[in-house]
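Q: model.cif is the file, holding mmCIF, C-alpha atoms:
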```
data_start
loop_
_atom_site.label_atom_id
_atom_site.label_comp_id
_atom_site.auth_asym_id
_atom_site.auth_seq_id
_atom_site.Cartn_x
_atom_site.Cartn_y
_atom_site.Cartn_z
CA MET U 1 91.22 164.22 67.36
CA ARG U 2 90.56 162.18 64.23
CA VAL U 3 91.95 159.09 65.96
CA ALA U 4 89.75 159.67 69.00
CA PHE U 5 86.69 160.25 66.85
CA GLY U 6 87.48 157.11 64.90
CA CYS U 7 87.74 155.08 68.11
CA VAL U 8 84.38 156.36 69.35
CA ALA U 9 82.74 155.62 66.01
CA LEU U 10 84.19 152.11 66.00
CA ALA U 11 82.98 151.49 69.55
CA LEU U 12 79.45 152.64 68.69
CA PHE U 13 79.47 150.49 65.56
CA THR U 14 80.61 147.47 67.58
CA VAL U 15 77.83 147.99 70.15
CA THR U 16 75.24 148.35 67.38
CA ILE U 17 76.38 145.12 65.72
CA ALA U 18 76.37 143.27 69.05
CA ARG U 19 72.82 144.40 69.80
CA ALA U 20 71.66 143.47 66.33
CA ALA U 21 73.08 139.98 66.84
CA GLU U 22 71.08 139.45 70.02
CA PRO U 23 67.86 137.47 69.60
CA ILE U 24 64.73 139.55 69.96
CA GLU U 25 63.47 139.62 73.54
CA ILE U 26 60.31 137.64 74.16
CA PHE U 27 57.55 138.00 76.72
CA ASP U 28 56.24 134.48 77.36
CA ALA U 29 52.50 135.07 77.73
CA HIS U 30 51.50 131.47 78.44
CA LEU U 31 53.67 129.87 81.07
CA HIS U 32 52.82 127.17 83.61
CA TYR U 33 55.13 126.38 86.50
CA ASN U 34 53.13 123.50 87.92
CA TRP U 35 53.84 122.29 91.45
CA GLU U 36 52.31 118.81 91.77
CA PRO U 37 53.40 118.02 94.42
CA LYS U 38 56.74 119.62 93.54
CA PRO U 39 58.15 121.18 90.37
CA TYR U 40 59.92 119.07 87.76
CA TYR U 41 62.54 121.82 87.42
CA GLN U 42 63.78 123.84 90.37
CA PRO U 43 63.20 127.61 90.36
CA ASP U 44 66.86 128.40 89.67
CA GLU U 45 66.82 126.07 86.65
CA VAL U 46 63.73 127.76 85.25
CA LEU U 47 65.15 131.24 85.78
CA ALA U 48 68.38 130.20 84.07
CA LEU U 49 66.34 128.99 81.10
CA PHE U 50 64.67 132.38 80.81
CA ARG U 51 68.04 134.16 80.86
CA LYS U 52 69.52 131.79 78.30
CA HIS U 53 66.70 132.38 75.82
CA ARG U 54 66.26 136.11 76.47
CA ILE U 55 62.84 135.88 78.05
CA THR U 56 62.31 139.23 79.75
CA GLY U 57 58.75 138.72 80.97
CA ILE U 58 56.32 135.91 81.74
CA LEU U 59 52.62 135.50 82.29
CA ALA U 60 52.99 133.14 85.23
CA THR U 61 50.48 130.49 86.26
CA SER U 62 50.68 127.15 88.03
CA ARG U 63 48.59 124.27 89.34
CA PRO U 64 48.11 124.85 92.21
CA ASN U 65 49.16 128.50 92.50
CA THR U 66 52.23 127.59 94.60
CA GLY U 67 54.52 127.73 91.56
CA THR U 68 53.40 131.26 90.76
CA HIS U 69 54.08 132.29 94.35
CA ALA U 70 57.62 130.90 94.00
CA LEU U 71 58.26 132.84 90.78
CA MET U 72 57.02 136.04 92.37
CA ASP U 73 59.10 135.47 95.52
CA ALA U 74 62.25 134.89 93.44
CA LYS U 75 62.30 138.55 92.33
CA ALA U 76 64.64 137.60 89.50
CA GLU U 77 66.59 140.50 88.06
CA GLY U 78 65.63 141.33 84.48
CA LEU U 79 62.45 139.23 84.55
CA TRP U 80 58.99 140.79 84.76
CA VAL U 81 56.60 138.30 86.34
CA VAL U 82 52.91 138.95 85.63
CA PRO U 83 50.93 136.52 87.82
CA PHE U 84 47.53 135.07 86.93
CA ILE U 85 45.29 133.06 89.27
CA ARG U 86 44.84 129.48 88.04
CA PRO U 87 41.39 128.19 89.07
CA TYR U 88 42.75 124.67 89.57
CA ARG U 89 44.00 122.84 92.63
CA VAL U 90 44.55 119.50 90.87
CA ARG U 91 44.31 118.41 87.23
CA PRO U 92 40.71 117.07 87.43
CA ASP U 93 39.56 120.62 88.21
CA ILE U 94 40.03 121.32 84.49
CA GLN U 95 36.77 119.46 83.81
CA THR U 96 34.69 120.84 86.69
CA TRP U 97 35.96 124.28 87.81
CA PHE U 98 33.16 126.15 86.04
CA ASN U 99 30.50 124.30 88.09
CA ASP U 100 32.25 124.52 91.44
CA PRO U 101 31.59 127.38 93.87
CA VAL U 102 34.66 126.32 95.85
CA ILE U 103 36.82 127.37 92.88
CA PHE U 104 35.24 130.82 92.85
CA ASN U 105 36.17 131.11 96.52
CA LEU U 106 39.72 130.03 95.64
CA VAL U 107 39.95 132.82 93.06
CA GLN U 108 38.74 135.40 95.55
CA ASP U 109 41.15 134.19 98.24
CA GLU U 110 44.14 134.19 95.90
CA PHE U 111 43.28 137.68 94.72
CA LYS U 112 43.85 138.94 98.28
CA ARG U 113 47.59 138.51 97.72
CA GLY U 114 47.35 141.82 95.93
CA TYR U 115 49.55 141.19 92.92
CA TYR U 116 47.46 139.24 90.40
CA ARG U 117 46.70 140.66 86.95
CA GLY U 118 44.38 137.99 85.60
CA ILE U 119 42.56 134.66 85.94
CA GLY U 120 43.53 131.59 83.91
CA GLU U 121 44.56 129.83 81.91
CA PHE U 122 41.25 127.99 82.26
CA HIS U 123 39.62 125.46 79.94
CA LEU U 124 36.09 126.26 78.81
CA HIS U 125 34.24 125.10 75.72
CA GLY U 126 30.91 125.74 74.06
CA LYS U 127 27.85 126.14 76.21
CA SER U 128 29.78 125.17 79.35
CA ALA U 129 30.47 128.90 79.51
CA GLU U 130 26.74 129.56 80.09
CA ASN U 131 27.05 129.05 83.81
CA GLU U 132 26.47 131.27 86.84
CA TRP U 133 29.94 130.61 88.25
CA VAL U 134 31.58 131.51 84.96
CA LYS U 135 29.59 134.75 84.88
CA LYS U 136 30.58 135.47 88.48
CA THR U 137 34.22 134.91 87.51
CA VAL U 138 33.94 137.22 84.49
CA ASP U 139 32.23 139.92 86.54
CA PHE U 140 34.86 139.57 89.28
CA ALA U 141 37.58 140.01 86.68
CA VAL U 142 35.95 143.11 85.22
CA ALA U 143 35.36 144.63 88.65
CA ASN U 144 39.04 144.20 89.52
CA ASN U 145 40.53 145.03 86.10
CA LEU U 146 41.78 141.48 85.60
CA TYR U 147 42.37 139.71 82.29
CA LEU U 148 40.86 136.32 81.52
CA HIS U 149 43.13 133.73 79.89
CA ALA U 150 40.77 131.34 78.13
CA HIS U 151 41.59 128.01 76.49
CA SER U 152 38.33 128.02 74.57
CA ASP U 153 36.58 127.60 71.27
CA ASP U 154 35.05 130.63 69.60
CA GLU U 155 31.58 129.82 70.96
CA ALA U 156 32.79 130.00 74.56
CA ILE U 157 34.67 133.24 73.84
CA GLU U 158 31.45 134.75 72.51
CA ILE U 159 29.64 133.71 75.69
CA LEU U 160 32.34 135.17 77.93
CA MET U 161 31.96 138.47 76.12
CA ARG U 162 28.17 138.34 76.48
CA HIS U 163 28.50 137.77 80.21
CA ASN U 164 30.17 141.16 80.46
CA PRO U 165 31.06 143.33 77.43
CA LYS U 166 33.88 144.91 79.43
CA ALA U 167 35.73 141.59 79.73
CA GLN U 168 39.38 141.54 78.63
CA VAL U 169 40.25 138.13 77.20
CA ILE U 170 43.55 136.57 76.16
CA TRP U 171 42.60 133.71 73.84
CA ALA U 172 44.98 130.84 74.53
CA HIS U 173 46.08 129.21 71.25
CA THR U 174 43.87 131.59 69.23
CA GLY U 175 41.45 128.83 68.35
CA PHE U 176 44.10 126.20 67.48
CA GLY U 177 43.13 125.42 63.85
CA LEU U 178 40.25 127.88 63.50
CA SER U 179 40.20 129.63 60.12
CA THR U 180 42.01 132.95 59.87
CA ASP U 181 38.79 134.52 58.56
CA ARG U 182 37.01 133.56 61.77
CA VAL U 183 39.93 134.76 63.90
CA ALA U 184 39.85 138.09 62.08
CA ALA U 185 36.09 138.37 62.61
CA MET U 186 36.50 137.74 66.34
CA LEU U 187 39.28 140.32 66.68
CA THR U 188 37.20 142.87 64.80
CA LYS U 189 34.08 142.21 66.87
CA TYR U 190 35.88 142.26 70.24
CA PRO U 191 38.49 145.02 70.66
CA LYS U 192 39.44 143.59 74.08
CA LEU U 193 40.38 140.16 72.71
CA TRP U 194 44.01 139.18 72.18
CA GLY U 195 45.31 136.00 70.57
CA GLU U 196 48.09 133.97 72.21
CA LEU U 197 49.86 131.78 69.67
CA SER U 198 51.18 128.62 71.38
CA TYR U 199 50.12 125.45 69.51
CA ARG U 200 48.47 127.62 66.85
CA SER U 201 48.60 125.86 63.47
CA GLY U 202 48.91 127.43 60.03
CA ILE U 203 51.26 130.31 60.88
CA VAL U 204 54.05 128.85 58.74
CA ASP U 205 54.07 126.39 55.86
CA GLY U 206 56.10 123.19 55.62
CA SER U 207 59.26 125.08 54.79
CA GLY U 208 58.93 127.47 57.72
CA LYS U 209 57.73 130.38 55.61
CA LEU U 210 55.10 132.67 57.11
CA THR U 211 51.80 132.01 55.33
CA ALA U 212 50.04 134.80 53.48
CA GLU U 213 46.96 134.45 55.68
CA TRP U 214 48.86 134.92 58.91
CA ARG U 215 51.08 137.64 57.53
CA GLY U 216 47.87 139.47 56.66
CA LEU U 217 46.50 139.00 60.19
CA PHE U 218 49.70 140.24 61.81
CA GLU U 219 49.82 143.28 59.56
CA LYS U 220 46.15 144.12 60.14
CA TYR U 221 46.19 143.47 63.90
CA PRO U 222 49.81 144.01 65.00
CA ASP U 223 48.74 144.95 68.53
CA ARG U 224 46.54 141.91 69.17
CA PHE U 225 48.91 138.94 69.36
CA LEU U 226 51.14 137.44 72.07
CA LEU U 227 53.60 134.55 72.21
CA GLY U 228 53.64 131.71 74.73
CA SER U 229 55.40 128.46 75.55
CA ASP U 230 52.55 126.59 77.30
CA THR U 231 54.85 124.56 79.55
CA TRP U 232 52.04 122.32 80.74
CA VAL U 233 54.20 119.15 80.82
CA PRO U 234 57.96 118.60 81.43
CA GLU U 235 58.50 117.91 77.72
CA ARG U 236 57.59 121.52 76.94
CA TRP U 237 60.25 122.72 79.39
CA ALA U 238 62.78 120.36 77.77
CA SER U 239 62.06 121.88 74.35
CA TYR U 240 61.77 125.47 75.58
CA GLY U 241 64.68 126.69 73.47
CA GLU U 242 63.25 125.11 70.32
CA ILE U 243 59.85 126.70 70.96
CA MET U 244 61.37 130.16 71.25
CA ALA U 245 63.62 129.58 68.24
CA SER U 246 60.58 128.65 66.14
CA TYR U 247 58.90 131.92 67.08
CA ARG U 248 61.99 133.94 66.26
CA ALA U 249 62.29 132.20 62.88
CA TRP U 250 58.99 133.60 61.63
CA LEU U 251 59.24 136.88 63.51
CA THR U 252 62.28 137.73 61.36
CA GLN U 253 60.00 137.50 58.31
CA LEU U 254 57.86 140.38 59.56
CA PRO U 255 58.65 144.11 59.56
CA PRO U 256 60.80 144.77 62.68
CA LYS U 257 58.17 146.99 64.34
CA ILE U 258 55.44 144.35 64.05
CA ALA U 259 57.83 141.59 65.15
CA ALA U 260 58.75 143.57 68.28
CA GLN U 261 55.09 144.19 69.10
CA ILE U 262 54.23 140.49 68.92
CA ALA U 263 57.40 139.33 70.67
CA ASN U 264 57.12 141.62 73.67
CA GLY U 265 55.55 145.02 73.02
CA ASN U 266 51.91 143.99 73.17
CA ALA U 267 52.37 142.21 76.51
CA LYS U 268 54.18 145.23 77.92
CA ALA U 269 51.36 147.49 76.80
CA LEU U 270 48.70 145.22 78.30
CA PHE U 271 50.25 144.69 81.68
CA ALA U 272 52.00 147.99 82.35
CA SER U 273 49.85 149.91 84.80
CA PRO U 274 50.16 151.82 88.08
CA GLY U 275 50.87 149.60 91.03
CA VAL U 276 52.59 146.84 89.05
CA THR U 277 56.32 146.58 89.58
CA LYS U 278 58.70 145.02 87.10
CA ASN U 279 61.27 142.83 88.84
#
```
If you took the structure in this file and wrote it as structure tokens, what would it be?

A:
Amino acid sequence: MRVAFGCVALALFTVTIARAAEPIEIFDAHLHYNWEPKPYYQPDEVLALFRKHRITGILATSRPNTGTHALMDAKAEGLWVVPFIRPYRVRPDIQTWFNDPVIFNLVQDEFKRGYYRGIGEFHLHGKSAENEWVKKTVDFAVANNLYLHAHSDDEAIEILMRHNPKAQVIWAHTGFGLSTDRVAAMLTKYPKLWGELSYRSGIVDGSGKLTAEWRGLFEKYPDRFLLGSDTWVPERWASYGEIMASYRAWLTQLPPKIAAQIANGNAKALFASPGVTKN
């Protein structure tokens, strides 16, 4: 009996060690699989990249939305695809979408597919957000319980929230280099605002150590941050592993519970709802 018990204990210990050695799972909350006119990487290559780097979920967008359709149609085992409508057909739409009623029609037509959870990532800065088509988009999102994924400065975020106080906004890049004091003020003022951290400066110092300012933000708002790759050009796909490794390097400097929330838990909490199926 002692031998048997010892074998069971050893097996459990081995499994525990193996799991501890696995990199923390990451939900990539800012992913573009652009399709102009075809993808740089084939779907099977992209899915293999996710498996290799233990990406268990993605916020999927593309320009046009064909790439998102492909990721949804793949139904990849172990990968939760959360699709967002990108309000772009071609790259120049970045500069004009918010003034174009045709884009609002595109959003409404895409929504009829029945599986979208948000709109974006879209680019919107300053007073460009004070526009009837932006307000229509925000109101449409609120009416259909959709998130908005905004690549915006803080002024535009404020305007989005004024358009409709019920708006739910994922702030792409969390203001880039905006001061942590201002980020904290925005998170406090708007409970339905989440910061996505791709390209966000100041999180670590030159030696890779988590800065005191950002440690403080993560500890005060552990449920308000997401990670993303922002694969907007092929070079970002080529460095995908390095991007995820850089996140994991500073996540290990946080308490495990907070690290898990930022790495995947917050995204799971946001997007888990009736009618949404994990692949």

Q: Restricting the calculation to only C-alpha atoms, which member of U:Ser152, U:Thr96, U:Gln42, U:Asn144 is positioned closest to Tyr115 of chain U?

A: U:Asn144

Q: Take the PyMOL selection byres ((chain U and resi 147) around 9), apply it to the structure above, and return the hits as a list in words.

A: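 Checked against the file, the PyMOL selection byres ((chain U and resi 147) around 9) matches Phe84, Arg117, Gly118, Ile119, Gly120, Ala141, Val142, Asn145, Leu146, Leu148, His149, Ala167, Gln168, Val169 and Ile170 of chain U.
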
Q: Using only C-alpha atoms, please write the residues we just selected to a file, as a PDB file, keeping the file's coordinate frame.

A:
```pdb
ATOM      1  CA  PHE U  84      47.530 135.070  86.930  1.00  0.00           C
ATOM      2  CA  ARG U 117      46.700 140.660  86.950  1.00  0.00           C
ATOM      3  CA  GLY U 118      44.380 137.990  85.600  1.00  0.00           C
ATOM      4  CA  ILE U 119      42.560 134.660  85.940  1.00  0.00           C
ATOM      5  CA  GLY U 120      43.530 131.590  83.910  1.00  0.00           C
ATOM      6  CA  ALA U 141      37.580 140.010  86.680  1.00  0.00           C
ATOM      7  CA  VAL U 142      35.950 143.110  85.220  1.00  0.00           C
ATOM      8  CA  ASN U 145      40.530 145.030  86.100  1.00  0.00           C
ATOM      9  CA  LEU U 146      41.780 141.480  85.600  1.00  0.00           C
ATOM     10  CA  LEU U 148      40.860 136.320  81.520  1.00  0.00           C
ATOM     11  CA  HIS U 149      43.130 133.730  79.890  1.00  0.00           C
ATOM     12  CA  ALA U 167      35.730 141.590  79.730  1.00  0.00           C
ATOM     13  CA  GLN U 168      39.380 141.540  78.630  1.00  0.00           C
ATOM     14  CA  VAL U 169      40.250 138.130  77.200  1.00  0.00           C
ATOM     15  CA  ILE U 170      43.550 136.570  76.160  1.00  0.00           C
TER      16      ILE U 170
END
```

Q: Any idea what the distance is between atom CA of His123 of chain U and atom CA of Ile58 of chain U?

A: 19.8 Å

Q: Rounded to one decimal place, report the atom CA of Leu31 of chain U-atom CA of Ala60 of chain U distance in Å.

A: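 So the answer is 5.3 Å.
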
Q: Could you give me, as a ChimeraX atom specification, the residues within 12 Å of Asp181 of chain U, counting all atoms listed in the file and dropping anything in the same chain fewer than 3 positions from it?

A: /U:175,177-178,184-188,213-214,216-217

Q: Using the chain letters and numbers from the file, which residues does the PyMOL selection byres ((chain U and resi 24) around 9) grab, as JSON, numbers by chain?

A: {"U": [20, 21, 22, 23, 25, 26, 54, 248, 251, 259, 260, 263, 264]}

Q: Of the candidates U:Pro222, U:Gly126, U:Gly265, U:Pro83, which shows the shortest atom-to-atom distance to Thr68 of chain U, using all atoms listed in the file?

A: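 Ranking U:Pro222, U:Gly126, U:Gly265, U:Pro83 by distance to Thr68 of chain U, first place goes to U:Pro83.
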
Q: What residues have an atom no more than 8 Å from (46.5, 125.4, 67.5) in the file's own frame, counting only C-alpha atoms, and can you write them as a VMD selection string?

A: chain U and resid 173 to 178 197 to 201
